[in-house]
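Trainee: Structure supplied as final-v6.pdb; contents: PDB, C-alpha atoms.
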```pdb
ATOM      1  CA  MET G   6     -71.666 -15.424 -22.807
ATOM      2  CA  GLY G   7     -69.746 -18.346 -21.322
ATOM      3  CA  THR G   8     -71.036 -21.203 -19.233
ATOM      4  CA  THR G   9     -69.851 -19.736 -15.944
ATOM      5  CA  ASN G  10     -72.516 -17.674 -14.222
ATOM      6  CA  THR G  11     -71.555 -14.240 -12.996
ATOM      7  CA  VAL G  12     -72.596 -12.886  -9.610
ATOM      8  CA  VAL G  13     -72.247  -9.255  -8.547
ATOM      9  CA  VAL G  14     -71.397  -8.903  -4.855
ATOM     10  CA  VAL G  15     -72.039  -5.448  -3.379
ATOM     11  CA  ASP G  16     -70.859  -4.643   0.136
ATOM     12  CA  ASP G  17     -68.846  -1.820   1.641
ATOM     13  CA  SER G  18     -67.027  -4.291   3.871
ATOM     14  CA  PRO G  19     -63.996  -5.987   2.286
ATOM     15  CA  ILE G  20     -64.479  -8.762   4.836
ATOM     16  CA  VAL G  21     -67.938  -9.621   3.526
ATOM     17  CA  ARG G  22     -66.879  -9.166  -0.094
ATOM     18  CA  ALA G  23     -63.999 -11.589   0.450
ATOM     19  CA  GLN G  24     -66.175 -14.080   2.327
ATOM     20  CA  VAL G  25     -68.966 -14.126  -0.238
ATOM     21  CA  SER G  26     -66.540 -14.145  -3.161
ATOM     22  CA  ASP G  27     -64.635 -17.116  -1.739
ATOM     23  CA  VAL G  28     -67.815 -19.126  -1.277
ATOM     24  CA  LEU G  29     -69.080 -18.324  -4.764
ATOM     25  CA  ALA G  30     -65.707 -19.066  -6.330
ATOM     26  CA  ARG G  31     -65.831 -22.508  -4.712
ATOM     27  CA  GLY G  32     -69.175 -22.946  -6.443
ATOM     28  CA  ASP G  33     -67.472 -22.098  -9.742
ATOM     29  CA  TYR G  34     -69.142 -18.738 -10.140
ATOM     30  CA  ARG G  35     -67.443 -15.706 -11.610
ATOM     31  CA  VAL G  36     -67.636 -12.831  -9.133
ATOM     32  CA  LEU G  37     -67.674  -9.093  -9.763
ATOM     33  CA  VAL G  38     -67.495  -6.868  -6.697
ATOM     34  CA  ALA G  39     -68.658  -3.344  -5.902
ATOM     35  CA  GLU G  40     -67.960  -1.322  -2.758
ATOM     36  CA  ASP G  41     -71.179   0.677  -2.715
ATOM     37  CA  GLY G  42     -74.420   1.144  -4.604
ATOM     38  CA  LYS G  43     -73.071   3.652  -7.096
ATOM     39  CA  GLU G  44     -70.260   1.314  -8.051
ATOM     40  CA  ALA G  45     -72.791  -1.516  -8.305
ATOM     41  CA  VAL G  46     -74.820   0.463 -10.832
ATOM     42  CA  ASP G  47     -71.669   0.978 -12.913
ATOM     43  CA  VAL G  48     -70.816  -2.733 -12.758
ATOM     44  CA  ILE G  49     -74.364  -3.787 -13.672
ATOM     45  CA  GLU G  50     -74.515  -1.355 -16.578
ATOM     46  CA  ALA G  51     -71.137  -2.566 -17.845
ATOM     47  CA  HIS G  52     -71.803  -6.305 -17.524
ATOM     48  CA  GLY G  53     -75.596  -6.509 -17.487
ATOM     49  CA  ASP G  54     -76.018  -9.221 -20.069
ATOM     50  CA  ASP G  55     -73.545 -11.494 -18.307
ATOM     51  CA  ILE G  56     -74.935 -11.095 -14.790
ATOM     52  CA  SER G  57     -77.011 -13.928 -13.348
ATOM     53  CA  LEU G  58     -77.432 -12.732  -9.777
ATOM     54  CA  ILE G  59     -76.864  -9.673  -7.587
ATOM     55  CA  ILE G  60     -76.093 -10.104  -3.878
ATOM     56  CA  CYS G  61     -76.231  -6.733  -2.147
ATOM     57  CA  ASP G  62     -75.776  -5.263   1.314
ATOM     58  CA  MET G  63     -78.431  -2.861   2.522
ATOM     59  CA  ARG G  64     -76.594  -0.179   4.478
ATOM     60  CA  MET G  65     -73.770   1.316   2.442
ATOM     61  CA  PRO G  66     -72.377   4.779   1.862
ATOM     62  CA  LYS G  67     -73.216   6.780  -1.285
ATOM     63  CA  MET G  68     -76.129   4.561  -2.374
ATOM     64  CA  ASP G  69     -77.723   1.876  -0.222
ATOM     65  CA  GLY G  70     -79.009  -1.529  -1.239
ATOM     66  CA  MET G  71     -82.653  -0.498  -1.351
ATOM     67  CA  GLU G  72     -81.765   2.358  -3.702
ATOM     68  CA  VAL G  73     -79.875  -0.069  -5.945
ATOM     69  CA  LEU G  74     -82.910  -2.339  -5.972
ATOM     70  CA  ARG G  75     -85.222   0.601  -6.722
ATOM     71  CA  TRP G  76     -82.966   1.672  -9.603
ATOM     72  CA  LYS G  77     -82.802  -1.885 -10.947
ATOM     73  CA  SER G  78     -86.574  -2.287 -10.801
ATOM     74  CA  THR G  79     -87.028   0.467 -13.396
ATOM     75  CA  SER G  80     -83.951  -0.324 -15.480
ATOM     76  CA  ALA G  81     -83.248  -2.670 -18.342
ATOM     77  CA  PHE G  82     -81.794  -5.061 -15.745
ATOM     78  CA  ARG G  83     -84.968  -5.630 -13.759
ATOM     79  CA  HIS G  84     -84.924  -9.323 -14.724
ATOM     80  CA  ILE G  85     -81.654 -10.028 -12.888
ATOM     81  CA  PRO G  86     -82.389 -11.777  -9.567
ATOM     82  CA  PHE G  87     -81.487  -9.707  -6.508
ATOM     83  CA  VAL G  88     -80.826 -10.912  -2.969
ATOM     84  CA  MET G  89     -80.309  -8.615   0.010
ATOM     85  CA  LEU G  90     -77.537  -9.786   2.370
ATOM     86  CA  THR G  91     -77.758  -7.637   5.495
ATOM     87  CA  THR G  92     -77.839  -7.488   9.280
ATOM     88  CA  GLU G  93     -81.363  -6.054   8.983
ATOM     89  CA  GLY G  94     -84.213  -8.395   9.926
ATOM     90  CA  CYS G  95     -87.180  -6.000  10.000
ATOM     91  CA  HIS G  96     -90.158  -7.219   7.969
ATOM     92  CA  ARG G  97     -90.940  -3.684   6.878
ATOM     93  CA  PHE G  98     -87.731  -3.622   4.823
ATOM     94  CA  VAL G  99     -88.158  -7.213   3.637
ATOM     95  CA  SER G 100     -91.604  -6.312   2.317
ATOM     96  CA  GLU G 101     -90.295  -3.190   0.613
ATOM     97  CA  ALA G 102     -87.549  -5.198  -1.094
ATOM     98  CA  ARG G 103     -90.003  -7.832  -2.167
ATOM     99  CA  SER G 104     -92.316  -5.226  -3.653
ATOM    100  CA  LEU G 105     -89.366  -3.911  -5.647
ATOM    101  CA  GLY G 106     -88.707  -7.344  -7.091
ATOM    102  CA  ALA G 107     -86.074  -8.824  -4.765
ATOM    103  CA  LYS G 108     -85.970 -12.608  -4.833
ATOM    104  CA  GLY G 109     -84.437 -13.206  -1.444
ATOM    105  CA  TRP G 110     -83.351 -11.803   1.904
ATOM    106  CA  ILE G 111     -80.490 -13.252   3.974
ATOM    107  CA  VAL G 112     -79.607 -11.995   7.445
ATOM    108  CA  LYS G 113     -75.862 -11.984   8.195
ATOM    109  CA  PRO G 114     -73.946 -13.978   9.144
ATOM    110  CA  PHE G 115     -74.620 -16.343   6.303
ATOM    111  CA  ASN G 116     -73.945 -20.026   6.112
ATOM    112  CA  ASP G 117     -71.681 -20.986   3.178
ATOM    113  CA  ASP G 118     -73.846 -23.891   2.018
ATOM    114  CA  MET G 119     -76.999 -21.834   2.314
ATOM    115  CA  LEU G 120     -75.491 -19.109   0.157
ATOM    116  CA  LEU G 121     -74.579 -21.588  -2.571
ATOM    117  CA  VAL G 122     -78.028 -23.186  -2.466
ATOM    118  CA  ALA G 123     -79.577 -19.739  -2.722
ATOM    119  CA  ALA G 124     -77.346 -18.823  -5.650
ATOM    120  CA  ARG G 125     -78.255 -21.975  -7.529
ATOM    121  CA  ARG G 126     -81.914 -21.529  -6.769
ATOM    122  CA  LEU G 127     -82.102 -17.948  -7.901
ATOM    123  CA  MET G 128     -79.693 -18.121 -10.782
ATOM    124  CA  ARG G 129     -81.023 -17.552 -14.200
ATOM    125  CA  GLY G 130     -79.284 -18.788 -17.372
ATOM    126  CA  PRO G 131     -77.214 -21.933 -17.912
ATOM    127  CA  SER G 132     -77.144 -23.232 -14.341
ATOM    128  CA  LEU G 133     -80.906 -23.129 -13.899
ATOM    129  CA  ALA G 134     -81.313 -26.461 -15.664
ATOM    130  CA  ALA G 135     -78.740 -27.979 -13.327
ATOM    131  CA  VAL G 136     -80.717 -26.853 -10.302
ATOM    132  CA  ARG G 137     -83.858 -28.431 -11.602
TER     133      ARG G 137
ATOM    134  CA  MET L   8     -77.710  -4.323  28.227
ATOM    135  CA  GLN L   9     -78.069  -8.074  28.584
ATOM    136  CA  ILE L  10     -79.188  -8.135  24.959
ATOM    137  CA  ALA L  11     -75.976  -6.448  23.865
ATOM    138  CA  GLN L  12     -73.785  -8.652  26.054
ATOM    139  CA  GLN L  13     -75.260 -11.854  24.694
ATOM    140  CA  ALA L  14     -75.140 -10.447  21.162
ATOM    141  CA  THR L  15     -71.417  -9.737  21.556
ATOM    142  CA  VAL L  16     -70.649 -13.260  22.738
ATOM    143  CA  ASP L  17     -72.766 -14.815  19.979
ATOM    144  CA  LEU L  18     -71.304 -12.555  17.314
ATOM    145  CA  LEU L  19     -67.681 -13.404  18.094
ATOM    146  CA  ALA L  20     -68.504 -17.090  18.521
ATOM    147  CA  GLY L  21     -69.767 -16.966  14.938
ATOM    148  CA  TRP L  22     -66.301 -15.833  13.916
ATOM    149  CA  GLY L  23     -64.661 -18.619  15.919
ATOM    150  CA  VAL L  24     -63.701 -16.559  18.989
ATOM    151  CA  GLN L  25     -65.007 -17.709  22.368
ATOM    152  CA  LEU L  26     -65.299 -14.776  24.760
ATOM    153  CA  ARG L  27     -65.251 -14.606  28.529
ATOM    154  CA  PRO L  28     -66.288 -11.537  30.518
ATOM    155  CA  ARG L  29     -63.432  -9.607  32.080
ATOM    156  CA  ARG L  30     -62.948  -6.549  34.189
ATOM    157  CA  LEU L  31     -62.118  -3.115  32.871
ATOM    158  CA  ALA L  32     -59.118  -3.060  30.558
ATOM    159  CA  ARG L  33     -57.170  -0.421  28.665
ATOM    160  CA  LEU L  34     -56.600  -1.495  25.085
ATOM    161  CA  SER L  35     -53.210  -0.439  23.761
ATOM    162  CA  SER L  36     -53.568  -1.120  20.052
ATOM    163  CA  GLY L  37     -56.152  -2.278  17.580
ATOM    164  CA  ALA L  38     -59.176  -0.579  16.111
ATOM    165  CA  THR L  39     -62.395   1.162  17.070
ATOM    166  CA  ALA L  40     -65.659   1.664  15.222
ATOM    167  CA  VAL L  41     -69.040   3.162  16.000
ATOM    168  CA  VAL L  42     -72.520   2.864  14.510
ATOM    169  CA  PRO L  43     -75.129   5.570  15.107
ATOM    170  CA  LEU L  44     -78.460   4.445  16.496
ATOM    171  CA  THR L  45     -81.476   6.723  16.350
ATOM    172  CA  GLY L  46     -85.088   6.317  17.283
ATOM    173  CA  ASP L  47     -87.937   7.845  19.203
ATOM    174  CA  CYS L  48     -86.480   6.572  22.457
ATOM    175  CA  LEU L  49     -82.763   7.147  22.028
ATOM    176  CA  HIS L  50     -80.082   8.847  19.997
ATOM    177  CA  GLY L  51     -76.472   7.760  20.234
ATOM    178  CA  VAL L  52     -73.872   5.224  19.209
ATOM    179  CA  VAL L  53     -72.809   1.680  19.845
ATOM    180  CA  GLY L  54     -69.060   1.192  19.582
ATOM    181  CA  LEU L  55     -66.558  -1.584  19.655
ATOM    182  CA  GLU L  56     -62.831  -1.631  20.327
ATOM    183  CA  LEU L  57     -60.633  -4.594  19.542
ATOM    184  CA  ASN L  58     -57.003  -5.066  20.419
ATOM    185  CA  ALA L  59     -54.522  -6.558  17.965
ATOM    186  CA  ALA L  60     -54.478  -9.936  19.743
ATOM    187  CA  LEU L  61     -58.229 -10.272  19.273
ATOM    188  CA  ILE L  62     -57.994  -9.332  15.594
ATOM    189  CA  ASP L  63     -55.316 -12.012  15.162
ATOM    190  CA  GLN L  64     -57.874 -14.623  16.248
ATOM    191  CA  LEU L  65     -60.307 -13.704  13.454
ATOM    192  CA  PRO L  66     -60.267 -15.548  10.130
ATOM    193  CA  PRO L  67     -57.494 -14.524   7.742
ATOM    194  CA  CYS L  68     -58.494 -11.864   5.253
ATOM    195  CA  ALA L  69     -55.674 -10.563   3.067
ATOM    196  CA  SER L  70     -57.282  -7.269   2.142
ATOM    197  CA  CYS L  71     -58.775  -6.504   5.565
ATOM    198  CA  SER L  72     -57.326  -4.014   8.023
ATOM    199  CA  PRO L  73     -58.101  -3.765  11.739
ATOM    200  CA  ARG L  74     -60.418  -0.867  10.886
ATOM    201  CA  HIS L  75     -62.360  -3.077   8.486
ATOM    202  CA  TRP L  76     -62.792  -5.682  11.206
ATOM    203  CA  ALA L  77     -63.917  -3.107  13.746
ATOM    204  CA  LYS L  78     -66.473  -1.677  11.319
ATOM    205  CA  GLU L  79     -67.864  -5.022  10.239
ATOM    206  CA  LEU L  80     -68.146  -6.409  13.756
ATOM    207  CA  THR L  81     -69.761  -3.213  15.028
ATOM    208  CA  ASN L  82     -72.177  -3.305  12.119
ATOM    209  CA  GLN L  83     -73.136  -6.899  12.844
ATOM    210  CA  LEU L  84     -73.372  -6.251  16.582
ATOM    211  CA  SER L  85     -75.656  -3.258  16.119
ATOM    212  CA  GLY L  86     -77.762  -5.297  13.693
ATOM    213  CA  ARG L  87     -78.192  -8.022  16.290
ATOM    214  CA  VAL L  88     -79.113  -5.502  18.962
ATOM    215  CA  ARG L  89     -81.535  -3.771  16.621
ATOM    216  CA  ASN L  90     -83.256  -7.053  15.743
ATOM    217  CA  GLU L  91     -83.529  -8.033  19.413
ATOM    218  CA  LEU L  92     -85.030  -4.649  20.271
ATOM    219  CA  LEU L  93     -87.441  -4.893  17.341
ATOM    220  CA  ALA L  94     -88.665  -8.177  18.746
ATOM    221  CA  GLU L  95     -89.429  -6.253  21.945
ATOM    222  CA  GLY L  96     -91.302  -3.571  20.039
ATOM    223  CA  VAL L  97     -88.528  -0.958  20.091
ATOM    224  CA  ASP L  98     -87.649   0.342  16.626
ATOM    225  CA  ILE L  99     -84.317   2.091  16.136
ATOM    226  CA  ASP L 100     -82.521   2.984  12.932
ATOM    227  CA  MET L 101     -78.861   2.154  12.326
ATOM    228  CA  GLY L 102     -76.376   4.194  10.375
ATOM    229  CA  VAL L 103     -73.301   3.187   8.429
ATOM    230  CA  PRO L 104     -70.313   2.213  10.616
ATOM    231  CA  SER L 105     -67.342   4.552  10.934
ATOM    232  CA  SER L 106     -63.918   3.536  12.165
ATOM    233  CA  LEU L 107     -61.557   5.596  14.238
ATOM    234  CA  GLN L 108     -57.850   4.988  13.880
ATOM    235  CA  PHE L 109     -57.224   3.491  17.226
ATOM    236  CA  ALA L 110     -58.724   5.850  19.745
ATOM    237  CA  GLN L 111     -59.567   5.542  23.399
ATOM    238  CA  VAL L 112     -63.214   6.526  23.515
ATOM    239  CA  ARG L 113     -63.975   7.505  27.074
ATOM    240  CA  ILE L 114     -67.467   6.917  28.321
ATOM    241  CA  ASP L 115     -68.839   8.390  31.507
ATOM    242  CA  THR L 116     -70.661   5.319  32.707
ATOM    243  CA  SER L 117     -72.178   7.204  35.621
ATOM    244  CA  GLN L 118     -74.505   8.887  33.116
ATOM    245  CA  LEU L 119     -77.822   7.372  32.154
ATOM    246  CA  GLY L 120     -77.482   5.894  28.665
ATOM    247  CA  ALA L 121     -73.751   5.190  28.880
ATOM    248  CA  ALA L 122     -72.317   1.752  29.482
ATOM    249  CA  GLU L 123     -69.355  -0.374  28.567
ATOM    250  CA  PHE L 124     -68.317  -3.958  29.031
ATOM    251  CA  PHE L 125     -65.261  -6.031  28.300
ATOM    252  CA  TYR L 126     -64.527  -9.547  27.126
ATOM    253  CA  GLU L 127     -61.361 -11.496  26.556
ATOM    254  CA  SER L 128     -60.170 -14.483  24.614
ATOM    255  CA  GLY L 129     -56.582 -15.339  25.477
ATOM    256  CA  ASP L 130     -54.683 -12.068  25.068
ATOM    257  CA  GLY L 131     -57.453 -10.694  22.916
ATOM    258  CA  VAL L 132     -59.739  -8.068  24.422
ATOM    259  CA  VAL L 133     -62.894  -6.500  23.086
ATOM    260  CA  ARG L 134     -64.695  -3.531  24.594
ATOM    261  CA  VAL L 135     -68.278  -2.704  23.696
ATOM    262  CA  PHE L 136     -69.710   0.660  24.635
ATOM    263  CA  PHE L 137     -72.985   2.497  24.334
ATOM    264  CA  ASP L 138     -73.388   6.211  24.651
ATOM    265  CA  PHE L 139     -76.782   7.657  23.932
ATOM    266  CA  ASP L 140     -79.335  10.192  25.068
ATOM    267  CA  PRO L 141     -82.421   8.412  26.309
ATOM    268  CA  LEU L 142     -85.201  10.570  24.866
ATOM    269  CA  GLN L 143     -88.262   8.850  26.245
ATOM    270  CA  ASP L 144     -89.460   5.586  27.694
ATOM    271  CA  PRO L 145     -88.631   2.990  25.039
ATOM    272  CA  GLY L 146     -91.957   1.324  25.688
ATOM    273  CA  PHE L 147     -90.798  -2.253  25.568
ATOM    274  CA  GLY L 148     -93.528  -4.452  24.188
ATOM    275  CA  ARG L 149     -95.910  -1.611  23.363
ATOM    276  CA  LEU L 150     -95.274  -1.582  19.618
ATOM    277  CA  ARG L 151     -94.527  -5.240  19.171
ATOM    278  CA  GLU L 152     -94.517  -6.198  15.518
ATOM    279  CA  ALA L 153     -93.860  -9.486  13.757
ATOM    280  CA  THR L 154     -90.703 -11.114  15.059
ATOM    281  CA  PRO L 155     -87.846  -9.878  12.870
ATOM    282  CA  LEU L 156     -85.690 -12.305  10.930
ATOM    283  CA  SER L 157     -82.807 -13.512  13.034
ATOM    284  CA  GLU L 158     -79.130 -13.950  12.209
ATOM    285  CA  GLY L 159     -78.522 -16.565   9.535
ATOM    286  CA  GLN L 160     -82.194 -16.714   8.559
ATOM    287  CA  SER L 161     -83.223 -16.335   4.929
ATOM    288  CA  LEU L 162     -86.399 -15.831   2.926
ATOM    289  CA  PHE L 163     -86.882 -16.461  -0.782
ATOM    290  CA  PHE L 164     -89.807 -15.140  -2.767
TER     291      PHE L 164
END
```
Transcribe the structure of this file into structure tokens.
Mentor:
Amino acid sequence: MGTTNTVVVVDDSPIVRAQVSDVLARGDYRVLVAEDGKEAVDVIEAHGDDISLIICDMRMPKMDGMEVLRWKSTSAFRHIPFVMLTTEGCHRFVSEARSLGAKGWIVKPFNDDMLLVAARRLMRGPSLAAVR
Amino acid sequence: MQIAQQATVDLLAGWGVQLRPRRLARLSSGATAVVPLTGDCLHGVVGLELNAALIDQLPPCASCSPRHWAKELTNQLSGRVRNELLAEGVDIDMGVPSSLQFAQVRIDTSQLGAAEFFYESGDGVVRVFFDFDPLQDPGFGRLREATPLSEGQSLFF
């Protein structure tokens, strides 16, 4: 595993994927993208040991963000921090995500600086020491 | 409807486009998307049409088509409307956005539950429309829950 932290960005919108990826790339993160929950599961299973953070939309075709989180919570990847990035602001869903182990909830549109601060704060692995 | 109008202006301002209200317009090119909204009090869609001049004012995105923009903006608009309604105690569920290769979606605004409004920015025009069956009194304020998170807000656990 290298020194660059890897973030998985999951969103069915290429606009959001591009936005988030650009911000994270400026923060020197390696970014892997997935267009829906099913693809996210494939990416996580393929790169699990290298992944430091998952940023995931909630409403997506095929498999939504809550389903990805539910799958992760019972998988070998349950330790990877997970943040929901969504238009949804209802506390009912926030609570559900939290109970499934999510570490954060961001309501779109996001602020670039806030996203980078969140990534640093939630990142596990090499960059954690830098945050402290 | 005021909620949706303000949400539209705020949404586009967040993308760097300042909107002004305008009268009815026929959009000749661009993209359209809809998001289904369902709840105890209504069942229908919110939709958004953008013309090409409006899309040109949005940030550059190499891999993004007009359809992608229509879907994302409709998704964010419906999310804003949903969160505003939640704050008023009205809970509706949103679906996944679908785009229509540019289509003129005609709404009969004389019907209860149908409405449309238009905005412009230079040559750019955006049309927002609602078309739903009102099923029962939405009961504003009756089911008020904790204020939902608002746009740009974050929580860390």
Trainee: Give me the residues within 7 Å of stretch 122-136 of chain L as a PyMOL selection string, counting only C-alpha atoms and dropping any in the same chain fewer than 3 places off.
Mentor: chain L and resi 24-31+53-58+60-61+116
Trainee: Keeping only C-alpha atoms, write the selected residues to a file as a PDB file, in the frame of the given file.
Mentor:
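The resulting out03.pdb:
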```pdb
ATOM      1  CA  VAL L  24     -63.701 -16.559  18.989  1.00  0.00           C
ATOM      2  CA  GLN L  25     -65.007 -17.709  22.368  1.00  0.00           C
ATOM      3  CA  LEU L  26     -65.299 -14.776  24.760  1.00  0.00           C
ATOM      4  CA  ARG L  27     -65.251 -14.606  28.529  1.00  0.00           C
ATOM      5  CA  PRO L  28     -66.288 -11.537  30.518  1.00  0.00           C
ATOM      6  CA  ARG L  29     -63.432  -9.607  32.080  1.00  0.00           C
ATOM      7  CA  ARG L  30     -62.948  -6.549  34.189  1.00  0.00           C
ATOM      8  CA  LEU L  31     -62.118  -3.115  32.871  1.00  0.00           C
ATOM      9  CA  VAL L  53     -72.809   1.680  19.845  1.00  0.00           C
ATOM     10  CA  GLY L  54     -69.060   1.192  19.582  1.00  0.00           C
ATOM     11  CA  LEU L  55     -66.558  -1.584  19.655  1.00  0.00           C
ATOM     12  CA  GLU L  56     -62.831  -1.631  20.327  1.00  0.00           C
ATOM     13  CA  LEU L  57     -60.633  -4.594  19.542  1.00  0.00           C
ATOM     14  CA  ASN L  58     -57.003  -5.066  20.419  1.00  0.00           C
ATOM     15  CA  ALA L  60     -54.478  -9.936  19.743  1.00  0.00           C
ATOM     16  CA  LEU L  61     -58.229 -10.272  19.273  1.00  0.00           C
ATOM     17  CA  THR L 116     -70.661   5.319  32.707  1.00  0.00           C
TER      18      THR L 116
END
```
Trainee: Interatomic distance between atom CA of G:Thr9 and atom CA of L:Pro66?
Mentor: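 Atom-to-atom, atom CA of G:Thr9 and atom CA of L:Pro66 are spaced 28.1 Å apart.
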Trainee: Would you mind listing, for every residue of chain G within 12 Å of chain L, the two atoms forming the shortest contact and the distance between them in Å to one decimal, using only C-alpha atoms, sorted by chain and ascending residue number, as JSON lines?
Mentor:
```
{"residue": "G:Asp16", "atom": "CA", "partner": "L:Glu79", "partner_atom": "CA", "distance": 10.5}
{"residue": "G:Asp17", "atom": "CA", "partner": "L:Glu79", "partner_atom": "CA", "distance": 9.2}
{"residue": "G:Ser18", "atom": "CA", "partner": "L:Glu79", "partner_atom": "CA", "distance": 6.5}
{"residue": "G:Pro19", "atom": "CA", "partner": "L:Cys71", "partner_atom": "CA", "distance": 6.2}
{"residue": "G:Ile20", "atom": "CA", "partner": "L:Cys71", "partner_atom": "CA", "distance": 6.2}
{"residue": "G:Val21", "atom": "CA", "partner": "L:Glu79", "partner_atom": "CA", "distance": 8.1}
{"residue": "G:Arg22", "atom": "CA", "partner": "L:Ser70", "partner_atom": "CA", "distance": 10.0}
{"residue": "G:Ala23", "atom": "CA", "partner": "L:Cys68", "partner_atom": "CA", "distance": 7.3}
{"residue": "G:Gln24", "atom": "CA", "partner": "L:Cys68", "partner_atom": "CA", "distance": 8.5}
{"residue": "G:Ser26", "atom": "CA", "partner": "L:Cys68", "partner_atom": "CA", "distance": 11.9}
{"residue": "G:Asp27", "atom": "CA", "partner": "L:Cys68", "partner_atom": "CA", "distance": 10.7}
{"residue": "G:Asp41", "atom": "CA", "partner": "L:Val103", "partner_atom": "CA", "distance": 11.6}
{"residue": "G:Asp62", "atom": "CA", "partner": "L:Val103", "partner_atom": "CA", "distance": 11.3}
{"residue": "G:Met63", "atom": "CA", "partner": "L:Val103", "partner_atom": "CA", "distance": 9.9}
{"residue": "G:Arg64", "atom": "CA", "partner": "L:Val103", "partner_atom": "CA", "distance": 6.1}
{"residue": "G:Met65", "atom": "CA", "partner": "L:Val103", "partner_atom": "CA", "distance": 6.3}
{"residue": "G:Pro66", "atom": "CA", "partner": "L:Val103", "partner_atom": "CA", "distance": 6.8}
{"residue": "G:Lys67", "atom": "CA", "partner": "L:Val103", "partner_atom": "CA", "distance": 10.4}
{"residue": "G:Met68", "atom": "CA", "partner": "L:Val103", "partner_atom": "CA", "distance": 11.3}
{"residue": "G:Asp69", "atom": "CA", "partner": "L:Val103", "partner_atom": "CA", "distance": 9.8}
{"residue": "G:Pro86", "atom": "CA", "partner": "L:Phe164", "partner_atom": "CA", "distance": 10.6}
{"residue": "G:Phe87", "atom": "CA", "partner": "L:Phe163", "partner_atom": "CA", "distance": 10.4}
{"residue": "G:Val88", "atom": "CA", "partner": "L:Phe163", "partner_atom": "CA", "distance": 8.5}
{"residue": "G:Met89", "atom": "CA", "partner": "L:Ser161", "partner_atom": "CA", "distance": 9.6}
{"residue": "G:Leu90", "atom": "CA", "partner": "L:Ser161", "partner_atom": "CA", "distance": 9.0}
{"residue": "G:Thr91", "atom": "CA", "partner": "L:Gly86", "partner_atom": "CA", "distance": 8.5}
{"residue": "G:Thr92", "atom": "CA", "partner": "L:Gly86", "partner_atom": "CA", "distance": 4.9}
{"residue": "G:Glu93", "atom": "CA", "partner": "L:Gly86", "partner_atom": "CA", "distance": 6.0}
{"residue": "G:Gly94", "atom": "CA", "partner": "L:Leu156", "partner_atom": "CA", "distance": 4.3}
{"residue": "G:Cys95", "atom": "CA", "partner": "L:Pro155", "partner_atom": "CA", "distance": 4.9}
{"residue": "G:His96", "atom": "CA", "partner": "L:Pro155", "partner_atom": "CA", "distance": 6.0}
{"residue": "G:Arg97", "atom": "CA", "partner": "L:Pro155", "partner_atom": "CA", "distance": 9.2}
{"residue": "G:Phe98", "atom": "CA", "partner": "L:Pro155", "partner_atom": "CA", "distance": 10.2}
{"residue": "G:Val99", "atom": "CA", "partner": "L:Leu162", "partner_atom": "CA", "distance": 8.8}
{"residue": "G:Ser100", "atom": "CA", "partner": "L:Phe164", "partner_atom": "CA", "distance": 10.3}
{"residue": "G:Ala102", "atom": "CA", "partner": "L:Phe164", "partner_atom": "CA", "distance": 10.3}
{"residue": "G:Arg103", "atom": "CA", "partner": "L:Phe164", "partner_atom": "CA", "distance": 7.3}
{"residue": "G:Ser104", "atom": "CA", "partner": "L:Phe164", "partner_atom": "CA", "distance": 10.3}
{"residue": "G:Leu105", "atom": "CA", "partner": "L:Phe164", "partner_atom": "CA", "distance": 11.6}
{"residue": "G:Gly106", "atom": "CA", "partner": "L:Phe164", "partner_atom": "CA", "distance": 9.0}
{"residue": "G:Ala107", "atom": "CA", "partner": "L:Phe164", "partner_atom": "CA", "distance": 7.6}
{"residue": "G:Lys108", "atom": "CA", "partner": "L:Phe164", "partner_atom": "CA", "distance": 5.0}
{"residue": "G:Gly109", "atom": "CA", "partner": "L:Phe163", "partner_atom": "CA", "distance": 4.1}
{"residue": "G:Trp110", "atom": "CA", "partner": "L:Leu162", "partner_atom": "CA", "distance": 5.2}
{"residue": "G:Ile111", "atom": "CA", "partner": "L:Ser161", "partner_atom": "CA", "distance": 4.2}
{"residue": "G:Val112", "atom": "CA", "partner": "L:Gly159", "partner_atom": "CA", "distance": 5.1}
{"residue": "G:Lys113", "atom": "CA", "partner": "L:Gly159", "partner_atom": "CA", "distance": 5.5}
{"residue": "G:Pro114", "atom": "CA", "partner": "L:Gly159", "partner_atom": "CA", "distance": 5.3}
{"residue": "G:Phe115", "atom": "CA", "partner": "L:Gly159", "partner_atom": "CA", "distance": 5.1}
{"residue": "G:Asn116", "atom": "CA", "partner": "L:Gly159", "partner_atom": "CA", "distance": 6.7}
{"residue": "G:Asp117", "atom": "CA", "partner": "L:Gly159", "partner_atom": "CA", "distance": 10.3}
{"residue": "G:Asp118", "atom": "CA", "partner": "L:Gly159", "partner_atom": "CA", "distance": 11.5}
{"residue": "G:Met119", "atom": "CA", "partner": "L:Ser161", "partner_atom": "CA", "distance": 8.7}
{"residue": "G:Leu120", "atom": "CA", "partner": "L:Ser161", "partner_atom": "CA", "distance": 9.5}
{"residue": "G:Val122", "atom": "CA", "partner": "L:Phe163", "partner_atom": "CA", "distance": 11.2}
{"residue": "G:Ala123", "atom": "CA", "partner": "L:Phe163", "partner_atom": "CA", "distance": 8.2}
{"residue": "G:Ala124", "atom": "CA", "partner": "L:Phe163", "partner_atom": "CA", "distance": 11.0}
{"residue": "G:Arg126", "atom": "CA", "partner": "L:Phe163", "partner_atom": "CA", "distance": 9.3}
{"residue": "G:Leu127", "atom": "CA", "partner": "L:Phe163", "partner_atom": "CA", "distance": 8.7}
```
Trainee: Mind giving me the straight-line distance from atom CA of L:Gly51 to atom CA of L:Ile10 in Å, one decimal?
Mentor: 16.8 Å
Trainee: Return as JSON the box centre and box size in Å, one decimal, for an axis-aligned box around all listed atoms of stretch 106-111 of chain G padded by 5 Å per side.
Mentor:
```
{"center_x": -84.6, "center_y": -10.3, "center_z": -1.6, "size_x": 18.2, "size_y": 15.9, "size_z": 21.1}
```
